[in-house]
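A.B. asks: My structure is in start_5.pdb, and what it holds is PDB, C-alpha atoms and all ligand atoms:
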ATOM      1  CA  MET G 100      -1.348  70.831  13.670
ATOM      2  CA  LYS G 101      -2.823  69.113  16.699
ATOM      3  CA  ALA G 102      -2.689  65.755  14.930
ATOM      4  CA  VAL G 103       0.985  66.300  14.097
ATOM      5  CA  GLY G 104       1.707  67.229  17.726
ATOM      6  CA  TYR G 105      -0.134  64.145  18.899
ATOM      7  CA  SER G 106       1.708  61.793  16.570
ATOM      8  CA  ILE G 107       5.131  63.214  17.499
ATOM      9  CA  GLY G 108       4.201  62.872  21.167
ATOM     10  CA  PHE G 109       3.050  59.315  20.575
ATOM     11  CA  LEU G 110       6.274  58.482  18.747
ATOM     12  CA  ILE G 111       8.390  59.841  21.626
ATOM     13  CA  PHE G 112       6.223  57.909  24.086
ATOM     14  CA  ARG G 113       6.724  54.740  22.037
ATOM     15  CA  ILE G 114      10.497  55.222  21.918
ATOM     16  CA  MET G 115      10.691  55.777  25.693
ATOM     17  CA  GLU G 116       8.396  52.889  26.524
ATOM     18  CA  THR G 117       9.592  50.013  24.381
ATOM     19  CA  LYS G 118      12.029  47.388  25.613
ATOM     20  CA  LYS G 119      15.733  47.733  24.913
ATOM     21  CA  ILE G 120      16.737  46.777  21.389
ATOM     22  CA  ALA G 121      20.150  45.265  20.620
ATOM     23  CA  LEU G 122      21.826  44.277  17.374
ATOM     24  CA  VAL G 123      24.572  41.655  17.249
ATOM     25  CA  THR G 124      26.711  41.045  14.160
ATOM     26  CA  GLY G 125      27.859  37.491  13.423
ATOM     27  CA  ALA G 126      25.285  36.153  15.871
ATOM     28  CA  ASN G 127      24.828  32.786  14.147
ATOM     29  CA  ARG G 128      27.649  31.058  16.046
ATOM     30  CA  GLY G 129      30.471  31.418  18.531
ATOM     31  CA  ILE G 130      30.673  34.414  20.838
ATOM     32  CA  GLY G 131      28.012  36.377  18.922
ATOM     33  CA  PHE G 132      25.448  33.632  19.507
ATOM     34  CA  ALA G 133      26.300  33.519  23.230
ATOM     35  CA  VAL G 134      26.016  37.317  23.484
ATOM     36  CA  ALA G 135      22.591  37.247  21.811
ATOM     37  CA  LYS G 136      21.436  34.535  24.223
ATOM     38  CA  LYS G 137      22.551  36.515  27.283
ATOM     39  CA  LEU G 138      20.872  39.705  26.061
ATOM     40  CA  LEU G 139      17.616  37.833  25.389
ATOM     41  CA  LYS G 140      17.705  36.376  28.900
ATOM     42  CA  LYS G 141      17.818  39.957  30.168
ATOM     43  CA  ASP G 142      14.553  40.646  28.340
ATOM     44  CA  ILE G 143      16.266  42.688  25.642
ATOM     45  CA  THR G 144      14.950  42.317  22.099
ATOM     46  CA  VAL G 145      17.780  41.150  19.839
ATOM     47  CA  ILE G 146      18.169  41.709  16.121
ATOM     48  CA  VAL G 147      20.128  38.569  15.290
ATOM     49  CA  THR G 148      22.232  39.135  12.187
ATOM     50  CA  SER G 149      24.463  36.932  10.052
ATOM     51  CA  ARG G 150      25.845  36.936   6.532
ATOM     52  CA  SER G 151      24.276  33.557   5.739
ATOM     53  CA  GLU G 152      20.501  33.801   5.942
ATOM     54  CA  LYS G 153      20.131  30.042   6.425
ATOM     55  CA  ASP G 154      22.590  29.931   9.357
ATOM     56  CA  GLY G 155      21.067  33.046  10.884
ATOM     57  CA  GLN G 156      17.496  31.774  10.653
ATOM     58  CA  GLN G 157      18.515  28.511  12.310
ATOM     59  CA  ALA G 158      20.301  30.397  15.096
ATOM     60  CA  THR G 159      17.295  32.693  15.574
ATOM     61  CA  GLU G 160      15.017  29.684  15.914
ATOM     62  CA  LYS G 161      17.244  28.343  18.714
ATOM     63  CA  LEU G 162      17.544  31.755  20.358
ATOM     64  CA  SER G 163      13.799  32.393  20.304
ATOM     65  CA  GLN G 164      13.288  30.151  23.355
ATOM     66  CA  PHE G 165      15.150  32.783  25.416
ATOM     67  CA  GLY G 166      13.199  35.879  24.341
ATOM     68  CA  LYS G 167      12.313  38.085  21.385
ATOM     69  CA  ALA G 168      14.866  37.346  18.669
ATOM     70  CA  VAL G 169      14.297  38.931  15.278
ATOM     71  CA  TYR G 170      16.400  37.926  12.296
ATOM     72  CA  TYR G 171      17.911  40.160   9.635
ATOM     73  CA  GLN G 172      20.612  39.266   7.119
ATOM     74  CA  LEU G 173      23.776  41.375   7.439
ATOM     75  CA  ASP G 174      27.083  40.939   5.677
ATOM     76  CA  VAL G 175      29.176  43.491   7.527
ATOM     77  CA  THR G 176      31.460  44.103   4.539
ATOM     78  CA  ASP G 177      28.580  44.992   2.230
ATOM     79  CA  GLU G 178      27.439  48.619   2.478
ATOM     80  CA  LYS G 179      24.094  47.829   0.802
ATOM     81  CA  SER G 180      23.473  45.089   3.331
ATOM     82  CA  ILE G 181      24.272  47.510   6.182
ATOM     83  CA  ALA G 182      21.879  50.108   4.723
ATOM     84  CA  ALA G 183      19.090  47.524   4.337
ATOM     85  CA  CYS G 184      19.563  46.315   7.917
ATOM     86  CA  TYR G 185      19.434  49.910   9.148
ATOM     87  CA  ALA G 186      16.190  50.529   7.228
ATOM     88  CA  PHE G 187      14.696  47.390   8.779
ATOM     89  CA  ALA G 188      15.680  48.367  12.337
ATOM     90  CA  LYS G 189      14.395  51.894  11.822
ATOM     91  CA  ALA G 190      11.018  50.756  10.493
ATOM     92  CA  GLU G 191      10.627  47.976  13.056
ATOM     93  CA  PHE G 192      11.890  49.648  16.232
ATOM     94  CA  GLY G 193      12.752  53.311  15.591
ATOM     95  CA  LYS G 194      15.770  53.119  17.897
ATOM     96  CA  LEU G 195      18.787  51.026  18.833
ATOM     97  CA  ASP G 196      20.061  50.791  22.426
ATOM     98  CA  ILE G 197      22.917  48.325  22.031
ATOM     99  CA  LEU G 198      25.185  47.685  19.057
ATOM    100  CA  ILE G 199      27.578  44.752  19.340
ATOM    101  CA  ASN G 200      30.194  44.683  16.585
ATOM    102  CA  ASN G 201      31.165  41.042  17.019
ATOM    103  CA  ALA G 202      31.764  39.635  13.512
ATOM    104  CA  GLY G 203      35.447  39.010  12.921
ATOM    105  CA  ILE G 204      37.818  36.917  10.809
ATOM    106  CA  ASN G 205      41.290  35.572  10.216
ATOM    107  CA  TYR G 206      43.554  34.811  13.148
ATOM    108  CA  ASP G 207      46.447  34.603  10.671
ATOM    109  CA  THR G 208      49.040  32.485  12.466
ATOM    110  CA  HIS G 209      50.449  31.310   9.103
ATOM    111  CA  GLN G 210      52.190  34.636   8.429
ATOM    112  CA  ASN G 211      54.127  37.374  10.200
ATOM    113  CA  ILE G 212      54.771  41.066   9.674
ATOM    114  CA  GLU G 213      57.818  40.385   7.421
ATOM    115  CA  ASN G 214      56.015  38.200   4.923
ATOM    116  CA  ALA G 215      52.378  39.214   5.380
ATOM    117  CA  ASP G 216      50.221  39.158   2.271
ATOM    118  CA  LEU G 217      48.824  42.673   2.108
ATOM    119  CA  ASP G 218      45.690  41.640   0.198
ATOM    120  CA  GLU G 219      44.903  39.323   3.095
ATOM    121  CA  VAL G 220      45.679  42.074   5.611
ATOM    122  CA  LEU G 221      43.337  44.407   3.723
ATOM    123  CA  THR G 222      40.552  41.809   3.624
ATOM    124  CA  THR G 223      40.949  41.356   7.376
ATOM    125  CA  PHE G 224      40.788  45.113   7.922
ATOM    126  CA  LYS G 225      37.596  45.321   5.864
ATOM    127  CA  THR G 226      35.769  42.942   8.207
ATOM    128  CA  ASN G 227      37.419  43.629  11.559
ATOM    129  CA  THR G 228      37.987  47.399  11.378
ATOM    130  CA  LEU G 229      36.183  49.186   8.554
ATOM    131  CA  ALA G 230      32.913  47.243   8.847
ATOM    132  CA  PRO G 231      32.374  48.217  12.514
ATOM    133  CA  LEU G 232      33.253  51.810  11.565
ATOM    134  CA  LYS G 233      30.667  51.829   8.754
ATOM    135  CA  ILE G 234      28.039  50.121  10.921
ATOM    136  CA  ILE G 235      28.466  52.687  13.702
ATOM    137  CA  GLN G 236      28.245  55.560  11.180
ATOM    138  CA  THR G 237      25.079  54.079   9.699
ATOM    139  CA  PHE G 238      23.281  53.230  12.940
ATOM    140  CA  LEU G 239      24.066  56.492  14.756
ATOM    141  CA  PRO G 240      20.642  58.068  14.060
ATOM    142  CA  LEU G 241      18.937  55.080  15.723
ATOM    143  CA  LEU G 242      21.430  55.040  18.601
ATOM    144  CA  ARG G 243      20.678  58.720  19.127
ATOM    145  CA  ASN G 244      17.012  57.772  19.646
ATOM    146  CA  SER G 245      18.029  55.728  22.706
ATOM    147  CA  ASP G 246      18.485  57.308  26.114
ATOM    148  CA  LYS G 247      21.260  54.829  27.007
ATOM    149  CA  ALA G 248      23.015  53.901  23.782
ATOM    150  CA  ARG G 249      25.971  51.557  24.110
ATOM    151  CA  ILE G 250      28.386  50.400  21.417
ATOM    152  CA  VAL G 251      30.652  47.430  22.087
ATOM    153  CA  ASN G 252      33.420  46.539  19.671
ATOM    154  CA  VAL G 253      34.575  42.965  20.186
ATOM    155  CA  SER G 254      38.325  43.330  19.992
ATOM    156  CA  SER G 255      41.203  41.183  21.209
ATOM    157  CA  GLY G 256      44.280  41.335  23.385
ATOM    158  CA  SER G 257      46.115  40.844  20.057
ATOM    159  CA  GLY G 258      45.079  44.414  19.237
ATOM    160  CA  ALA G 259      46.866  45.908  22.260
ATOM    161  CA  LEU G 260      49.928  48.038  21.489
ATOM    162  CA  ALA G 261      52.155  45.810  23.618
ATOM    163  CA  SER G 262      50.990  42.748  21.639
ATOM    164  CA  GLN G 263      52.365  44.029  18.333
ATOM    165  CA  ASP G 264      55.176  41.458  18.153
ATOM    166  CA  GLY G 265      54.873  40.693  14.429
ATOM    167  CA  THR G 266      52.690  37.590  14.764
ATOM    168  CA  THR G 267      49.148  37.323  13.312
ATOM    169  CA  PRO G 268      49.749  40.643  11.508
ATOM    170  CA  GLY G 269      46.400  41.006   9.715
ATOM    171  CA  TYR G 270      44.384  40.158  12.790
ATOM    172  CA  SER G 271      46.491  42.095  15.318
ATOM    173  CA  LEU G 272      46.717  45.272  13.236
ATOM    174  CA  SER G 273      43.007  45.106  12.392
ATOM    175  CA  LYS G 274      42.084  44.896  16.090
ATOM    176  CA  LEU G 275      44.551  47.692  16.898
ATOM    177  CA  GLY G 276      42.658  49.690  14.263
ATOM    178  CA  LEU G 277      39.332  48.660  15.763
ATOM    179  CA  ASN G 278      40.488  49.992  19.126
ATOM    180  CA  GLY G 279      41.248  53.266  17.335
ATOM    181  CA  VAL G 280      37.681  53.280  16.014
ATOM    182  CA  THR G 281      36.460  52.794  19.592
ATOM    183  CA  LEU G 282      38.532  55.707  20.896
ATOM    184  CA  ALA G 283      37.596  58.057  18.065
ATOM    185  CA  PHE G 284      33.843  57.420  18.409
ATOM    186  CA  SER G 285      33.945  57.526  22.206
ATOM    187  CA  ASN G 286      35.484  60.988  22.104
ATOM    188  CA  GLN G 287      33.187  62.129  19.307
ATOM    189  CA  LEU G 288      30.041  60.944  21.129
ATOM    190  CA  LYS G 289      30.978  61.590  24.756
ATOM    191  CA  GLY G 290      28.825  64.731  24.980
ATOM    192  CA  GLU G 291      25.776  62.734  23.864
ATOM    193  CA  GLY G 292      26.074  60.015  26.515
ATOM    194  CA  ILE G 293      26.664  57.284  23.933
ATOM    195  CA  LEU G 294      29.258  54.933  25.439
ATOM    196  CA  VAL G 295      31.720  53.244  23.078
ATOM    197  CA  ASN G 296      34.094  50.567  24.369
ATOM    198  CA  SER G 297      36.273  47.669  23.236
ATOM    199  CA  VAL G 298      36.189  44.263  24.893
ATOM    200  CA  CYS G 299      38.613  41.344  24.732
ATOM    201  CA  PRO G 300      36.576  38.181  25.411
ATOM    202  CA  GLY G 301      39.667  36.138  26.336
ATOM    203  CA  TRP G 302      40.642  32.913  24.553
ATOM    204  CA  VAL G 303      37.347  31.278  23.659
ATOM    205  CA  ARG G 304      36.392  27.824  22.311
ATOM    206  CA  THR G 305      34.900  28.761  18.940
ATOM    207  CA  ASP G 306      35.856  28.037  15.338
ATOM    208  CA  MET G 307      38.286  30.951  15.607
ATOM    209  CA  GLY G 308      39.651  30.186  19.084
ATOM    210  CA  GLY G 309      39.902  26.402  18.568
ATOM    211  CA  SER G 310      39.100  23.550  20.917
ATOM    212  CA  ASN G 311      42.078  24.128  23.253
ATOM    213  CA  ALA G 312      40.874  27.567  24.340
ATOM    214  CA  ASP G 313      40.244  27.914  28.064
ATOM    215  CA  ARG G 314      36.850  29.653  27.928
ATOM    216  CA  SER G 315      33.353  28.728  26.837
ATOM    217  CA  PRO G 316      31.508  31.109  24.477
ATOM    218  CA  GLU G 317      29.242  31.985  27.446
ATOM    219  CA  LYS G 318      32.246  33.058  29.522
ATOM    220  CA  GLY G 319      33.590  35.022  26.526
ATOM    221  CA  ALA G 320      30.244  36.785  26.195
ATOM    222  CA  GLU G 321      30.083  37.896  29.843
ATOM    223  CA  THR G 322      32.103  41.121  29.742
ATOM    224  CA  ILE G 323      30.666  42.048  26.338
ATOM    225  CA  VAL G 324      27.158  42.018  27.818
ATOM    226  CA  TRP G 325      28.316  43.750  31.019
ATOM    227  CA  THR G 326      29.839  46.529  28.883
ATOM    228  CA  ALA G 327      26.620  46.804  26.852
ATOM    229  CA  LEU G 328      24.709  47.485  30.072
ATOM    230  CA  LEU G 329      27.060  49.978  31.755
ATOM    231  CA  GLU G 330      25.195  52.713  33.609
ATOM    232  CA  ASP G 331      28.149  54.958  34.520
ATOM    233  CA  LYS G 332      28.493  57.570  31.765
ATOM    234  CA  SER G 333      32.212  58.032  32.458
ATOM    235  CA  MET G 334      32.842  54.455  31.306
ATOM    236  CA  THR G 335      33.572  55.184  27.664
ATOM    237  CA  GLY G 336      36.689  54.917  25.526
ATOM    238  CA  LYS G 337      37.897  51.940  27.500
ATOM    239  CA  PHE G 338      39.268  48.477  26.750
ATOM    240  CA  PHE G 339      37.892  45.752  29.047
ATOM    241  CA  ARG G 340      38.590  42.116  29.811
ATOM    242  CA  ASP G 341      36.876  40.314  32.693
ATOM    243  CA  ARG G 342      35.091  43.544  33.678
ATOM    244  CA  LYS G 343      38.413  45.309  34.261
ATOM    245  CA  GLU G 344      40.201  47.935  32.217
ATOM    246  CA  ILE G 345      43.241  46.704  30.281
ATOM    247  CA  ASP G 346      45.939  48.664  28.415
ATOM    248  CA  TRP G 347      45.290  49.702  24.817
TER     249      TRP G 347
HETATM  250  N1  LIG L 401      37.602  33.048  19.964
HETATM  251  C1  LIG L 401      38.548  33.760  20.562
HETATM  252  O1  LIG L 401      39.410  33.224  21.267
HETATM  253  C2  LIG L 401      38.563  35.262  20.414
HETATM  254  C3  LIG L 401      39.526  35.965  21.139
HETATM  255  C4  LIG L 401      39.551  37.355  21.041
HETATM  256  C5  LIG L 401      38.628  37.999  20.227
HETATM  257  N2  LIG L 401      37.714  37.276  19.512
HETATM  258  C6  LIG L 401      36.779  38.035  18.668
HETATM  259  O2  LIG L 401      35.453  37.671  18.985
HETATM  260  C7  LIG L 401      34.611  37.847  17.835
HETATM  261  C8  LIG L 401      33.805  36.591  17.594
HETATM  262  O3  LIG L 401      34.737  35.553  17.353
HETATM  263  P1  LIG L 401      34.391  33.995  17.504
HETATM  264  O4  LIG L 401      35.476  33.402  18.281
HETATM  265  O5  LIG L 401      32.990  33.791  17.894
HETATM  266  O6  LIG L 401      34.633  33.572  15.977
HETATM  267  P2  LIG L 401      33.860  32.571  15.021
HETATM  268  O7  LIG L 401      33.314  31.432  15.785
HETATM  269  O8  LIG L 401      34.810  32.314  13.913
HETATM  270  O9  LIG L 401      32.631  33.460  14.514
HETATM  271  C9  LIG L 401      32.852  34.584  13.736
HETATM  272  C10 LIG L 401      31.516  35.176  13.375
HETATM  273  O10 LIG L 401      31.754  36.331  12.550
HETATM  274  C11 LIG L 401      30.929  36.187  11.403
HETATM  275  N3  LIG L 401      31.404  36.921  10.245
HETATM  276  C12 LIG L 401      32.610  36.881   9.648
HETATM  277  N4  LIG L 401      32.619  37.666   8.559
HETATM  278  C13 LIG L 401      31.382  38.227   8.468
HETATM  279  C14 LIG L 401      30.756  39.113   7.568
HETATM  280  N5  LIG L 401      31.400  39.605   6.496
HETATM  281  N6  LIG L 401      29.488  39.490   7.806
HETATM  282  C15 LIG L 401      28.807  39.021   8.880
HETATM  283  N7  LIG L 401      29.333  38.139   9.748
HETATM  284  C16 LIG L 401      30.605  37.749   9.543
HETATM  285  C17 LIG L 401      30.881  34.691  11.142
HETATM  286  O11 LIG L 401      29.853  34.386  10.234
HETATM  287  P3  LIG L 401      29.904  33.058   9.289
HETATM  288  O12 LIG L 401      29.336  31.934  10.114
HETATM  289  O13 LIG L 401      29.060  33.423   8.115
HETATM  290  O14 LIG L 401      31.344  32.821   8.932
HETATM  291  C18 LIG L 401      30.641  34.218  12.562
HETATM  292  O15 LIG L 401      29.293  34.388  12.923
HETATM  293  C19 LIG L 401      35.546  38.197  16.683
HETATM  294  O16 LIG L 401      35.552  39.599  16.483
HETATM  295  C20 LIG L 401      36.913  37.743  17.189
HETATM  296  O17 LIG L 401      37.968  38.463  16.593
HETATM  297  C21 LIG L 401      37.664  35.923  19.595
END
Go ahead and express the file in the form of structure tokens.
Ligand SMILES: NC(=O)c1ccc[n+]([C@@H]2O[C@H](COP(=O)([O-])OP(=O)(O)OC[C@H]3O[C@@H](n4cnc5c(N)ncnc54)[C@H](OP(=O)(O)O)[C@@H]3O)[C@@H](O)[C@H]2O)c1

C.D. replies:
Amino acid sequence: MKAVGYSIGFLIFRIMETKKIALVTGANRGIGFAVAKKLLKKDITVIVTSRSEKDGQQATEKLSQFGKAVYYQLDVTDEKSIAACYAFAKAEFGKLDILINNAGINYDTHQNIENADLDEVLTTFKTNTLAPLKIIQTFLPLLRNSDKARIVNVSSGSGALASQDGTTPGYSLSKLGLNGVTLAFSNQLKGEGILVNSVCPGWVRTDMGGSNADRSPEKGAETIVWTALLEDKSMTGKFFRDRKEIDW
């Protein structure tokens, strides 16, 4: 009995004492890579994830100069992959302080709401909306082991209600849905002090944003990281850009 008491006490001590642990999806390039770099520079341990193991390992090698970067393969649309990543994080760290749902696809400028291919819309929803939902569901037990758990869903101004003008229908509706996921979890988890917010990074020079975008990935990552480190417990269920609230 004493031994059990001791080991539970030790476990709690370990959870309280270890550094913050963050997980970033799609961290091999673009905004996700820049977010991982910023978190590492703040002495936060980062679980760098990507769907391609080769790309992710290469990114982790580069990121390792900034702090403790640990790689794990994660295809956000694959429930088995999500479960395996959860098992890894649980065994390795026993908690998760920061979850950044960054992976996203398909800024579908080639179609509009009148002619949108619904298979394509569905595929976009699976990555941009349902995957973050499943990842939050799965990682909740580890987030509950943190005393300051923060979930950041990387959304877009295209997901705002006022932006629903019929263009980029798969992308815009999927980010509108992602904002719904943010609101639903923020209300569900408010009593537990787990903050859940959406962030629009602005127009960023990545493969998705293109070379004409006005922001660097580092600039795009800024408010995502700021949101991941919010102290004020009332700051949940919000949509931020440039550290300011914007309309849903
Ligand atoms: N760039 C912008 O202007 C802008 C503006 C507003 C919002 N955003 C949002 O910011 C986030 C990051 O975008 P970005 O500009 O950095 O785009 P990006 O350069 O195209 O990178 C997208 C990332 O998502 C990953 N990804 C896609 N599907 C995945 C899957 N099934 N499993 C795991 N990872 C997956 C990609 O991995 P692979 O390398 O394997 O493809 C890549 O790492 C997205 O949610 C995007 O919607 C971007």

A.B. asks: Using 5 Å of padding on each side, determine the axis-aligned box around all atoms of ligand LIG 401 (chain L) present in the file and give its centre and edge lengths in Å to one decimal, as AutoDock Vina command-line options.

C.D. replies:
--center_x 34.2 --center_y 35.5 --center_z 13.9 --size_x 20.7 --size_y 18.2 --size_z 24.8

A.B. asks: Please evaluate the PyMOL selection byres (((chain G and resi 321) around 9) and not hetatm) against the displayed coordinates and give the resulting residues as JSON, numbers by chain.

C.D. replies: {"G": [133, 134, 137, 300, 316, 317, 318, 319, 320, 322, 323, 324, 325, 326, 341, 342]}

A.B. asks: Dump C-alpha atoms for the selected residues as a PDB file, in the frame of the given file?

C.D. replies:
ATOM      1  CA  ALA G 133      26.300  33.519  23.230  1.00  0.00           C
ATOM      2  CA  VAL G 134      26.016  37.317  23.484  1.00  0.00           C
ATOM      3  CA  LYS G 137      22.551  36.515  27.283  1.00  0.00           C
ATOM      4  CA  PRO G 300      36.576  38.181  25.411  1.00  0.00           C
ATOM      5  CA  PRO G 316      31.508  31.109  24.477  1.00  0.00           C
ATOM      6  CA  GLU G 317      29.242  31.985  27.446  1.00  0.00           C
ATOM      7  CA  LYS G 318      32.246  33.058  29.522  1.00  0.00           C
ATOM      8  CA  GLY G 319      33.590  35.022  26.526  1.00  0.00           C
ATOM      9  CA  ALA G 320      30.244  36.785  26.195  1.00  0.00           C
ATOM     10  CA  THR G 322      32.103  41.121  29.742  1.00  0.00           C
ATOM     11  CA  ILE G 323      30.666  42.048  26.338  1.00  0.00           C
ATOM     12  CA  VAL G 324      27.158  42.018  27.818  1.00  0.00           C
ATOM     13  CA  TRP G 325      28.316  43.750  31.019  1.00  0.00           C
ATOM     14  CA  THR G 326      29.839  46.529  28.883  1.00  0.00           C
ATOM     15  CA  ASP G 341      36.876  40.314  32.693  1.00  0.00           C
ATOM     16  CA  ARG G 342      35.091  43.544  33.678  1.00  0.00           C
TER      17      ARG G 342
END

A.B. asks: Evaluated on this file, the PyMOL selection byres (((chain G and resi 150-155) around 7) and not hetatm) picks out some residues - which ones are they, written as a ChimeraX atom specification?

C.D. replies: /G:127,148-149,156-159,170,172-174

A.B. asks: Please evaluate the PyMOL selection byres (((not hetatm)) within 6 of (chain L and resi 401)) against the structure above and give the resulting residues as a ChimeraX atom specification.

C.D. replies: /G:124-131,149-151,173-176,201-204,226,253-255,299-308

A.B. asks: From (42.2, 47.0, 10.3), in the file's coordinates, out to 8 Å: which residues are reached, counting all atoms listed in the file? Answer as a JSON list (two decimals) with C-alpha atoms, keeping the file's coordinate frame.

C.D. replies:
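Result file is result.json:
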[["chain", "number", "residue", "atom", "x", "y", "z"],
["G", 220, "VAL", "CA", 45.68, 42.07, 5.61],
["G", 221, "LEU", "CA", 43.34, 44.41, 3.72],
["G", 223, "THR", "CA", 40.95, 41.36, 7.38],
["G", 224, "PHE", "CA", 40.79, 45.11, 7.92],
["G", 225, "LYS", "CA", 37.60, 45.32, 5.86],
["G", 226, "THR", "CA", 35.77, 42.94, 8.21],
["G", 227, "ASN", "CA", 37.42, 43.63, 11.56],
["G", 228, "THR", "CA", 37.99, 47.40, 11.38],
["G", 229, "LEU", "CA", 36.18, 49.19, 8.55],
["G", 269, "GLY", "CA", 46.40, 41.01, 9.72],
["G", 270, "TYR", "CA", 44.38, 40.16, 12.79],
["G", 272, "LEU", "CA", 46.72, 45.27, 13.24],
["G", 273, "SER", "CA", 43.01, 45.11, 12.39],
["G", 274, "LYS", "CA", 42.08, 44.90, 16.09],
["G", 275, "LEU", "CA", 44.55, 47.69, 16.90],
["G", 276, "GLY", "CA", 42.66, 49.69, 14.26],
["G", 277, "LEU", "CA", 39.33, 48.66, 15.76]]

A.B. asks: So, with only C-alpha atoms as the atoms that count, which of G:Thr237, G:Asn244, G:Thr335, G:Thr267 lies closest to Phe284 (chain G)?

C.D. replies: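 The closest residue to Phe284 (chain G) is G:Thr335.
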